[in-house]
Amino acid sequence: MALILSCLALAFGGASKIGSDPAASLPKGAESAEVVRLQQRMPSGQLLPALVVYSRDGSLTAQDKAAIESGAGRMAALAVGGRVPPPVFSPKGDVALVSVPLAGSLSNAELAEAVGEIRAESRRGLPPGARVEVTGGAGFKVDLASVFEGADITLLAVTAGVVALLLLLTYRSPWLWLVPLSVIGVADQVASKVVAFLTRTTGLTVDDSTLGITSVLVFGAGTNYALLLIARYREQLRLHDDRHVAMSGAVRSAAPAILASSATVTLALGTLVFALSPFNRSIGMAGAIGIVTAVAYALLVLPAAMVLFGRGLFWPFAPKVGQADPTRTGPWSRVGRAVSRRPVVMTVVSLGVLAALASGIIGVRSGLSQTEQFRDRVEAIAGQETLSRAFPAGSAQPVVVVSRTSAAEAVRAAASAIPGNPRVTIGEKTPEYTRADVVLNAEPGSEASFAAIGKLREAVHAVPGASAVVGGPEAADLDERDAAVRDQKLIIPLVLAVVLLVLLLLLRSVVAAVTLVLTVVASFAASFGAGWFAFTHVFGFPALDLSVPLLSFLFLVALGVDYNIFLTTRAREETPEAGTREGIVAALAVTGGVITSAGILLAAVFAVLGVLPLITLTQIGVIVGFGVLLDTLLVRSVLVPALVTLLGDRFWWPGSPQDPGLRTTAAPGREGRSSRAGDRPARSGPG
């Protein structure tokens with residue numbers, strides 16, 4: 001049945017509809033988005049300009065200017081209306097700008113062809129030493145498409161390769177790794193088809209980076225769930241000869257932790273529907289679909305696939321009935337013993353490490369300009385930088401004011417009167433609306449520039465009957481910054497509430513739930529600080545993208561708590577017989593290997609985001625990847641066991657460690673043995 005449904009989804013899912021409306025990419029309710037929509041109702045709003053930027057060190061020569069005039073004449077044949085405006089020269093005479101209006105209705109392929117022809121014509125006959133770069137809306141759109149060309153295939157291939165390698169190292173079997181990898185790979189493709197269907201039938205808009213993050217979530221989370229299920233299956237195969245019985249027991253014992261983990265991530269992603277940022281909302285919807293698909297395949301498809309092949313699937317380390325569980329005396333058992341002997345020291349050392357890493361948060365800067373979004377310096381970015389250096393601040397991308405035509409002059413006067421006396425030029429007019437371009441004196445992206453936009457909005461909003469709105473790239477950056485701050489204040493508490501609620505329902509302990517939430521928050525602060533240190537001292541990034549703090553917090557807290565869920569649910573099973581102290585040691589012993597493998601794999605999968613060209617994805621990958629490793633190797637392995645040991649039975653408050661209700665399923669390795677006091681089974685070794 002799963003095979004049939006998967007084939008149907010893959011056959012009829014179709015391709016995702018990639019969002020192209022510039023207004024849809026701006027925050028919900030943003031004033032800059034309203035400006036874009038109003039501009040689309042003007043004749044120029046149907047155009048997408050290609051800005052051709054000529055430059056030469058020192059000054060453009062007479063031969064340069066002649067070549068520019070000749071090139072402009074040839075490019076006129078490509079422009080809407082068959083003409084281009086005269087070249088505009090910078091004050092120093094070292095840069096010239098030619099604007100080539102293109103139809104905004106061109107398809108991506110047609111636009112790429114047109115921009116390619118403009119680049120070829122602009123270079124023809126250009127004297128040696130002169131440079132030319134094509135930028136503007138058309139140049140950015142084409143270059144963005146080119147840097148993502150083939151990136152989805154690369155991301156999928158690298159992700160699958162990383163997962164395959166780590167699964168092979170984990171199980172040391174020549175074929176076992178193929179089963180979970182195949183199941184998760186199909187789940188990823190099915191999830192992408194479901195997202196594609198929703199982009200065509202609902203208001204969901206996605207881009208290439210959204211689809212990339214969704215694939216990473218499916219592979220990362222799906223592999224985590226598969227590792228836990230397979231570990232439980234291996235334990236059950238040591239108890240039962242019938243592999244079907246063993247798998248049934250594995251699913252019963254692993255399902256609560258897997259469902260709680262997936263519910264945490266899904267609900268946390270669901271909180272993004274309240275975000276103002278369209279990028280965050282699309283990741284929330286697409287990511288939630290990916291997680292639900294991953295858990296469905298992990299609990300429904302993977303068990304059926306595993307039992308098809310019997311014990312030979314684990315060859316050459318196939319588990320045998322009656323075989324002792326090596327994890328109870330393994331290295332993680334010794335780690336648990338060491339932590340339980342010195343819980344105060346381990347707690348202090350762990351918190352000290354986290355605090356030292358978190359100190360890197362000092363001096364964090366947020367907000368990347370359009371030219372700082374890419375790791376690769378594409379031609380459109382180079383052209384924009386050339387314009388910014390050559391013309392007065394703000395003239396390359398002026399602030400746009402759209403108002404009622406009847407009040408256009410009053411709006412111009414109000415805009416001209418704000419502090420700094422910006423240059424205001426009345427532009428395109430229709431019977432209903434008029435556009436004005438405002439060149440601010442402040443440096444774009446600076447606090448002074450954002451403050452000036454605030455003053456400009458106050459001034460033009462006060463003009464009676466004008467219905468004036470302020471937009472443009474600089475105003476859009478301000479709106480995105482304000483939306484990011486608002487989203488963080490709203491979504492972060494919601495995510496913490498979701499995680500706390502799931503832990504309360506799963507563990508039925510207030511102390512345990514609060515303790516685990518605090519540990520993952522501390523882990524996030526440490527990874528965020530370490531990430532910022534790496535970005536400034538290793539990668540050389542100028543700032544964090546606005547969406548990075550919120551998304552990295554959500555992914556790290558929601559996914560990082562997975563390992564604490566896996567650990568504490570096992571401790572919950574062990575505690576009624578062994579007591580709290582021995583229960584957490586036993587839980588760490590038997591889950592240590594699988595959780596460590598899962599953490600390393602998830603960190604590696606998030607690091608794969610670095611193959612995509614956006615700085616945003618690189619930053620998310622670094623912070624989440626490092627944070628997952630920190631959760632796996634320090635928080636889950638040392639800090640949480642130390643805190644549980646210190647708290648003792650109070651960790652389960654208001655429950656009791658002797659309450660049989662703590663153990664919803666029999667801990668593997670204990671079935672068939674008495675759990676009465678005084679008749680507990682002897683353990684092999686110290687674990």
# chains A, B, ... in the order shown; residues from 1 in each chain; ligands from 1
call {"tool": "select_by_dssp", "arguments": {"residues": "stretch 294-465 of chain A", "states": "alpha helix (DSSP H)", "output": "PyMOL selection string"}}
result
chain A and resi 294-296+302-307+331-341+343-358+379-390+408-416+447-461
call {"tool": "closest_atom_pairs", "arguments": {"of": "stretch 493-538 of chain A", "to": "stretch 346-355 of chain A", "cutoff": "12 Å", "atoms": "only C-alpha atoms", "output": "Markdown table"}}
result
| residue | atom | partner | partner_atom | distance |
| --- | --- | --- | --- | --- |
| A:Leu518 | CA | A:Leu351 | CA | 11.4 |
| A:Thr519 | CA | A:Leu351 | CA | 9.3 |
| A:Val520 | CA | A:Leu354 | CA | 10.7 |
| A:Val521 | CA | A:Leu354 | CA | 10.4 |
| A:Ala522 | CA | A:Leu354 | CA | 6.7 |
| A:Ser523 | CA | A:Leu354 | CA | 6.7 |
| A:Phe524 | CA | A:Leu354 | CA | 9.2 |
| A:Ala525 | CA | A:Leu354 | CA | 7.7 |
| A:Ala526 | CA | A:Leu354 | CA | 5.1 |
| A:Ser527 | CA | A:Leu354 | CA | 8.3 |
| A:Phe528 | CA | A:Leu354 | CA | 10.5 |
| A:Gly529 | CA | A:Ala355 | CA | 9.3 |
| A:Ala530 | CA | A:Leu354 | CA | 9.7 |
call {"tool": "residues_around", "arguments": {"residues": "A:Thr159", "least_positions_apart": "2", "cutoff": "10 Å", "atoms": "only C-alpha atoms", "output": "PDB file with N, CA and C atoms, in the first residue's frame"}}
result
ATOM      1  N   ILE A 153      19.636  19.393  -7.030  1.00  0.00           N
ATOM      2  CA  ILE A 153      20.201  18.064  -7.276  1.00  0.00           C
ATOM      3  C   ILE A 153      21.472  17.876  -6.450  1.00  0.00           C
ATOM      4  N   THR A 154      22.298  18.921  -6.407  1.00  0.00           N
ATOM      5  CA  THR A 154      23.534  18.834  -5.612  1.00  0.00           C
ATOM      6  C   THR A 154      23.221  18.623  -4.142  1.00  0.00           C
ATOM      7  N   LEU A 155      22.256  19.396  -3.621  1.00  0.00           N
ATOM      8  CA  LEU A 155      21.888  19.264  -2.214  1.00  0.00           C
ATOM      9  C   LEU A 155      21.393  17.858  -1.909  1.00  0.00           C
ATOM     10  N   LEU A 156      20.515  17.338  -2.759  1.00  0.00           N
ATOM     11  CA  LEU A 156      19.970  16.002  -2.540  1.00  0.00           C
ATOM     12  C   LEU A 156      21.070  14.950  -2.602  1.00  0.00           C
ATOM     13  N   ALA A 157      21.959  15.075  -3.586  1.00  0.00           N
ATOM     14  CA  ALA A 157      23.023  14.088  -3.743  1.00  0.00           C
ATOM     15  C   ALA A 157      23.989  14.111  -2.558  1.00  0.00           C
ATOM     16  N   GLY A 161      24.422  11.218   0.207  1.00  0.00           N
ATOM     17  CA  GLY A 161      25.756  10.643   0.376  1.00  0.00           C
ATOM     18  C   GLY A 161      26.231  10.687   1.821  1.00  0.00           C
ATOM     19  N   VAL A 162      25.990  11.826   2.490  1.00  0.00           N
ATOM     20  CA  VAL A 162      26.376  11.945   3.902  1.00  0.00           C
ATOM     21  C   VAL A 162      25.619  10.942   4.761  1.00  0.00           C
ATOM     22  N   VAL A 163      24.295  10.835   4.528  1.00  0.00           N
ATOM     23  CA  VAL A 163      23.485   9.891   5.300  1.00  0.00           C
ATOM     24  C   VAL A 163      23.947   8.460   5.051  1.00  0.00           C
ATOM     25  N   ALA A 164      24.211   8.117   3.790  1.00  0.00           N
ATOM     26  CA  ALA A 164      24.656   6.759   3.462  1.00  0.00           C
ATOM     27  C   ALA A 164      25.972   6.433   4.162  1.00  0.00           C
ATOM     28  N   GLY A 185      14.649   8.464   1.534  1.00  0.00           N
ATOM     29  CA  GLY A 185      14.735   9.114   0.228  1.00  0.00           C
ATOM     30  C   GLY A 185      13.376   9.210  -0.447  1.00  0.00           C
ATOM     31  N   SER A 215      14.084  19.453   2.539  1.00  0.00           N
ATOM     32  CA  SER A 215      14.797  18.191   2.294  1.00  0.00           C
ATOM     33  C   SER A 215      15.737  17.857   3.443  1.00  0.00           C
ATOM     34  N   VAL A 216      16.426  18.865   3.949  1.00  0.00           N
ATOM     35  CA  VAL A 216      17.339  18.632   5.076  1.00  0.00           C
ATOM     36  C   VAL A 216      16.565  18.153   6.301  1.00  0.00           C
ATOM     37  N   PHE A 219      15.473  14.395   5.707  1.00  0.00           N
ATOM     38  CA  PHE A 219      16.592  13.460   5.847  1.00  0.00           C
ATOM     39  C   PHE A 219      17.115  13.431   7.277  1.00  0.00           C
ATOM     40  N   GLY A 220      17.251  14.611   7.901  1.00  0.00           N
ATOM     41  CA  GLY A 220      17.795  14.654   9.251  1.00  0.00           C
ATOM     42  C   GLY A 220      16.883  14.009  10.269  1.00  0.00           C
ATOM     43  N   LEU A 601      24.903  12.647  12.595  1.00  0.00           N
ATOM     44  CA  LEU A 601      24.285  12.615  11.273  1.00  0.00           C
ATOM     45  C   LEU A 601      23.450  13.871  11.030  1.00  0.00           C
ATOM     46  N   ALA A 604      25.680  16.824  10.426  1.00  0.00           N
ATOM     47  CA  ALA A 604      26.276  16.766   9.089  1.00  0.00           C
ATOM     48  C   ALA A 604      25.268  17.144   8.015  1.00  0.00           C
ATOM     49  N   VAL A 605      24.017  16.703   8.183  1.00  0.00           N
ATOM     50  CA  VAL A 605      22.984  17.018   7.194  1.00  0.00           C
ATOM     51  C   VAL A 605      22.719  18.518   7.158  1.00  0.00           C
ATOM     52  N   PHE A 606      22.657  19.172   8.310  1.00  0.00           N
ATOM     53  CA  PHE A 606      22.451  20.616   8.312  1.00  0.00           C
ATOM     54  C   PHE A 606      23.660  21.346   7.733  1.00  0.00           C
ATOM     55  N   ALA A 607      24.846  20.799   7.955  1.00  0.00           N
ATOM     56  CA  ALA A 607      26.031  21.428   7.374  1.00  0.00           C
ATOM     57  C   ALA A 607      25.982  21.401   5.850  1.00  0.00           C
ATOM     58  N   VAL A 608      25.256  20.429   5.293  1.00  0.00           N
ATOM     59  CA  VAL A 608      25.129  20.312   3.845  1.00  0.00           C
ATOM     60  C   VAL A 608      24.431  21.534   3.248  1.00  0.00           C
ATOM     61  N   LEU A 609      23.662  22.273   4.053  1.00  0.00           N
ATOM     62  CA  LEU A 609      23.036  23.503   3.552  1.00  0.00           C
ATOM     63  C   LEU A 609      24.073  24.467   2.977  1.00  0.00           C
ATOM     64  N   VAL A 611      26.127  23.924   0.765  1.00  0.00           N
ATOM     65  CA  VAL A 611      26.352  23.775  -0.674  1.00  0.00           C
ATOM     66  C   VAL A 611      25.487  24.747  -1.466  1.00  0.00           C
TER      67      VAL A 611
END
call {"tool": "residues_around", "arguments": {"residues": "stretch 649-656 of chain A", "least_positions_apart": "6", "cutoff": "12 Å", "atoms": "only C-alpha atoms", "output": "PyMOL selection string"}}
result
chain A and resi 503-504+506-516+568-569+571-572+575-576+578-584+640-643+662-663
call {"tool": "residues_around", "arguments": {"residues": "stretch 334-341 of chain A", "least_positions_apart": "3", "cutoff": "8 Å", "atoms": "only C-alpha atoms", "output": "list in words"}}
result
Thr329, Gly330, Pro331, Met346, Arg581, Ile584, Val585, Ala586, Leu588, Ala589, Ser637, Val638, Pro641, Ala642, Thr645, Pro686 and Gly687 of chain A
call {"tool": "write_last_selection", "arguments": {"atoms": "C-alpha atoms", "output": "PDB file, in the first residue's frame"}}
result
ATOM      1  CA  THR A 329      28.538  -2.466  29.803  1.00  0.00           C
ATOM      2  CA  GLY A 330      29.795  -0.329  26.936  1.00  0.00           C
ATOM      3  CA  PRO A 331      31.545   3.048  26.877  1.00  0.00           C
ATOM      4  CA  MET A 346      29.993  17.852  35.819  1.00  0.00           C
ATOM      5  CA  ARG A 581      20.150   7.462  39.630  1.00  0.00           C
ATOM      6  CA  ILE A 584      19.538   7.571  34.021  1.00  0.00           C
ATOM      7  CA  VAL A 585      22.858   5.690  33.904  1.00  0.00           C
ATOM      8  CA  ALA A 586      21.171   2.711  32.234  1.00  0.00           C
ATOM      9  CA  LEU A 588      22.541   6.736  28.813  1.00  0.00           C
ATOM     10  CA  ALA A 589      24.233   3.360  28.387  1.00  0.00           C
ATOM     11  CA  SER A 637      25.657  13.062  27.686  1.00  0.00           C
ATOM     12  CA  VAL A 638      26.859  15.073  30.676  1.00  0.00           C
ATOM     13  CA  PRO A 641      22.457  13.061  33.526  1.00  0.00           C
ATOM     14  CA  ALA A 642      24.255  15.245  36.087  1.00  0.00           C
ATOM     15  CA  THR A 645      21.414  12.737  39.524  1.00  0.00           C
ATOM     16  CA  PRO A 686      28.391  -1.840  36.020  1.00  0.00           C
ATOM     17  CA  GLY A 687      25.727  -0.534  33.549  1.00  0.00           C
TER      18      GLY A 687
END
call {"tool": "atom_distance", "arguments": {"atom1": "atom CA of A:Phe374", "atom2": "atom CA of A:Gly71"}}
result
29.3 Å
call {"tool": "closest_residue", "arguments": {"among": "A:Ala268, A:Val345, A:Val301, A:Ala459", "to": "A:Leu500", "atoms": "only C-alpha atoms"}}
result
A:Ala268
call {"tool": "atom_distance", "arguments": {"atom1": "atom CA of A:Leu166", "atom2": "atom CA of A:Val635"}}
result
21.8 Å
call {"tool": "residues_around", "arguments": {"residues": "A:Glu113", "least_positions_apart": "5", "cutoff": "12 Å", "atoms": "only C-alpha atoms", "output": "PyMOL selection string"}}
result
chain A and resi 78+102+106-108+118-120+138-139+142-143
call {"tool": "closest_residue", "arguments": {"among": "A:Val100, A:Leu639, A:Leu551, A:Leu176", "to": "A:Arg311", "atoms": "only C-alpha atoms"}}
result
A:Leu176
call {"tool": "atom_distance", "arguments": {"atom1": "atom CA of A:Leu308", "atom2": "atom CA of A:Val245"}}
result
13.1 Å
call {"tool": "closest_residue", "arguments": {"among": "A:Leu478, A:Leu630, A:Ala413, A:Val548", "to": "A:Gly445", "atoms": "only C-alpha atoms"}}
result
A:Leu478
call {"tool": "closest_residue", "arguments": {"among": "A:Val364, A:Ile615, A:Leu647, A:Leu567", "to": "A:Trp532", "atoms": "only C-alpha atoms"}}
result
A:Val364
call {"tool": "residues_around", "arguments": {"residues": "stretch 257-263 of chain A", "least_positions_apart": "4", "cutoff": "9 Å", "atoms": "only C-alpha atoms", "output": "list in words"}}
result
Ala221, Asn224, Tyr225, Leu228, Leu229, Ser253, Leu267, Ala268, Ile291, Val292, Ala294, Val295, Ala298, Leu299, Val502, Leu503, Leu505, Leu506, Ala558, Leu559, Val561, Asp562, Tyr563, Ile565, Phe566, Thr569 and Arg570 of chain A
call {"tool": "select_by_dssp", "arguments": {"residues": "stretch 213-443 of chain A", "states": "strand (DSSP E)", "output": "ChimeraX atom specification"}}
result
/A:399-404,423-429,433-439
call {"tool": "closest_atom_pairs", "arguments": {"of": "stretch 253-324 of chain A", "to": "stretch 479-497 of chain A", "cutoff": "10 Å", "atoms": "only C-alpha atoms", "output": "tab-separated table"}}
result
residue	atom	partner	partner_atom	distance
A:Thr264	CA	A:Val495	CA	8.8
A:Val265	CA	A:Val495	CA	9.2
A:Leu267	CA	A:Val495	CA	8.0
A:Ala268	CA	A:Val495	CA	5.1
A:Leu269	CA	A:Val495	CA	8.2
A:Gly270	CA	A:Val495	CA	9.1
A:Thr271	CA	A:Ile491	CA	6.3
A:Leu272	CA	A:Ile491	CA	6.8
A:Val273	CA	A:Ile491	CA	9.4
A:Phe274	CA	A:Ile491	CA	7.5
A:Ala275	CA	A:Asp487	CA	5.4
A:Leu276	CA	A:Ala483	CA	5.9
A:Ser277	CA	A:Ala483	CA	6.5
A:Asn280	CA	A:Asp487	CA	9.1
call {"tool": "write_last_selection", "arguments": {"atoms": "all heavy atoms", "output": "compact mmCIF listing (two decimals), in the first residue's frame"}}
result
# COMPACT_ATOMS: atom_id res chain seq x y z
N THR A 264 6.83 17.61 18.51
CA THR A 264 7.51 18.83 18.95
C THR A 264 7.96 19.66 17.76
O THR A 264 7.72 20.87 17.68
CB THR A 264 8.71 18.48 19.83
OG1 THR A 264 8.29 17.71 20.95
CG2 THR A 264 9.41 19.74 20.32
N VAL A 265 8.63 19.00 16.81
CA VAL A 265 9.15 19.73 15.65
C VAL A 265 8.01 20.25 14.78
O VAL A 265 8.02 21.40 14.32
CB VAL A 265 10.08 18.82 14.82
CG1 VAL A 265 10.67 19.60 13.65
CG2 VAL A 265 11.20 18.26 15.68
N LEU A 267 4.81 20.93 15.58
CA LEU A 267 4.08 22.02 16.22
C LEU A 267 4.93 23.29 16.28
O LEU A 267 4.41 24.40 16.14
CB LEU A 267 3.63 21.61 17.62
CG LEU A 267 2.56 20.50 17.67
CD1 LEU A 267 2.31 20.07 19.11
CD2 LEU A 267 1.27 20.99 17.03
N ALA A 268 6.23 23.12 16.52
CA ALA A 268 7.11 24.28 16.54
C ALA A 268 7.14 24.96 15.17
O ALA A 268 7.07 26.19 15.06
CB ALA A 268 8.52 23.88 16.97
N LEU A 269 7.25 24.16 14.11
CA LEU A 269 7.19 24.72 12.77
C LEU A 269 5.83 25.36 12.50
O LEU A 269 5.73 26.38 11.81
CB LEU A 269 7.46 23.62 11.73
CG LEU A 269 8.91 23.14 11.62
CD1 LEU A 269 8.99 21.82 10.85
CD2 LEU A 269 9.78 24.19 10.94
N GLY A 270 4.79 24.76 13.06
CA GLY A 270 3.45 25.31 12.89
C GLY A 270 3.28 26.70 13.46
O GLY A 270 2.44 27.48 12.99
N THR A 271 4.08 27.05 14.48
CA THR A 271 3.97 28.40 15.06
C THR A 271 4.37 29.47 14.05
O THR A 271 4.02 30.65 14.22
CB THR A 271 4.86 28.53 16.31
OG1 THR A 271 6.24 28.36 15.96
CG2 THR A 271 4.47 27.51 17.37
N LEU A 272 5.10 29.09 13.00
CA LEU A 272 5.54 30.07 12.01
C LEU A 272 4.38 30.60 11.16
O LEU A 272 4.57 31.57 10.41
CB LEU A 272 6.61 29.46 11.09
CG LEU A 272 7.97 29.20 11.75
CD1 LEU A 272 8.91 28.52 10.78
CD2 LEU A 272 8.58 30.50 12.26
N VAL A 273 3.21 30.00 11.25
CA VAL A 273 2.06 30.56 10.52
C VAL A 273 1.70 31.94 11.07
O VAL A 273 1.04 32.73 10.38
CB VAL A 273 0.83 29.63 10.59
CG1 VAL A 273 1.13 28.28 10.00
CG2 VAL A 273 0.31 29.50 12.01
N PHE A 274 2.13 32.25 12.29
CA PHE A 274 1.86 33.56 12.88
C PHE A 274 2.93 34.59 12.53
O PHE A 274 2.84 35.74 12.96
CB PHE A 274 1.76 33.44 14.40
CG PHE A 274 0.69 32.50 14.86
CD1 PHE A 274 1.01 31.27 15.41
CD2 PHE A 274 -0.65 32.82 14.74
CE1 PHE A 274 0.03 30.39 15.84
CE2 PHE A 274 -1.65 31.96 15.15
CZ PHE A 274 -1.31 30.74 15.71
N ALA A 275 3.94 34.18 11.76
CA ALA A 275 5.02 35.10 11.41
C ALA A 275 4.57 36.08 10.33
O ALA A 275 3.71 35.76 9.49
CB ALA A 275 6.24 34.32 10.94
N LEU A 276 5.15 37.26 10.33
CA LEU A 276 4.89 38.24 9.27
C LEU A 276 5.72 37.95 8.03
O LEU A 276 5.31 38.27 6.92
CB LEU A 276 5.20 39.66 9.77
CG LEU A 276 4.31 40.20 10.90
CD1 LEU A 276 4.78 41.59 11.31
CD2 LEU A 276 2.85 40.24 10.46
N SER A 277 6.88 37.34 8.21
CA SER A 277 7.78 37.07 7.09
C SER A 277 7.25 35.93 6.23
O SER A 277 7.05 34.81 6.73
CB SER A 277 9.18 36.72 7.60
OG SER A 277 9.96 36.15 6.58
N ASN A 280 9.53 32.82 6.44
CA ASN A 280 9.34 32.00 7.63
C ASN A 280 8.06 31.18 7.55
O ASN A 280 8.03 30.01 7.94
CB ASN A 280 9.32 32.89 8.88
CG ASN A 280 10.66 33.49 9.20
OD1 ASN A 280 11.69 33.04 8.69
ND2 ASN A 280 10.68 34.53 10.01
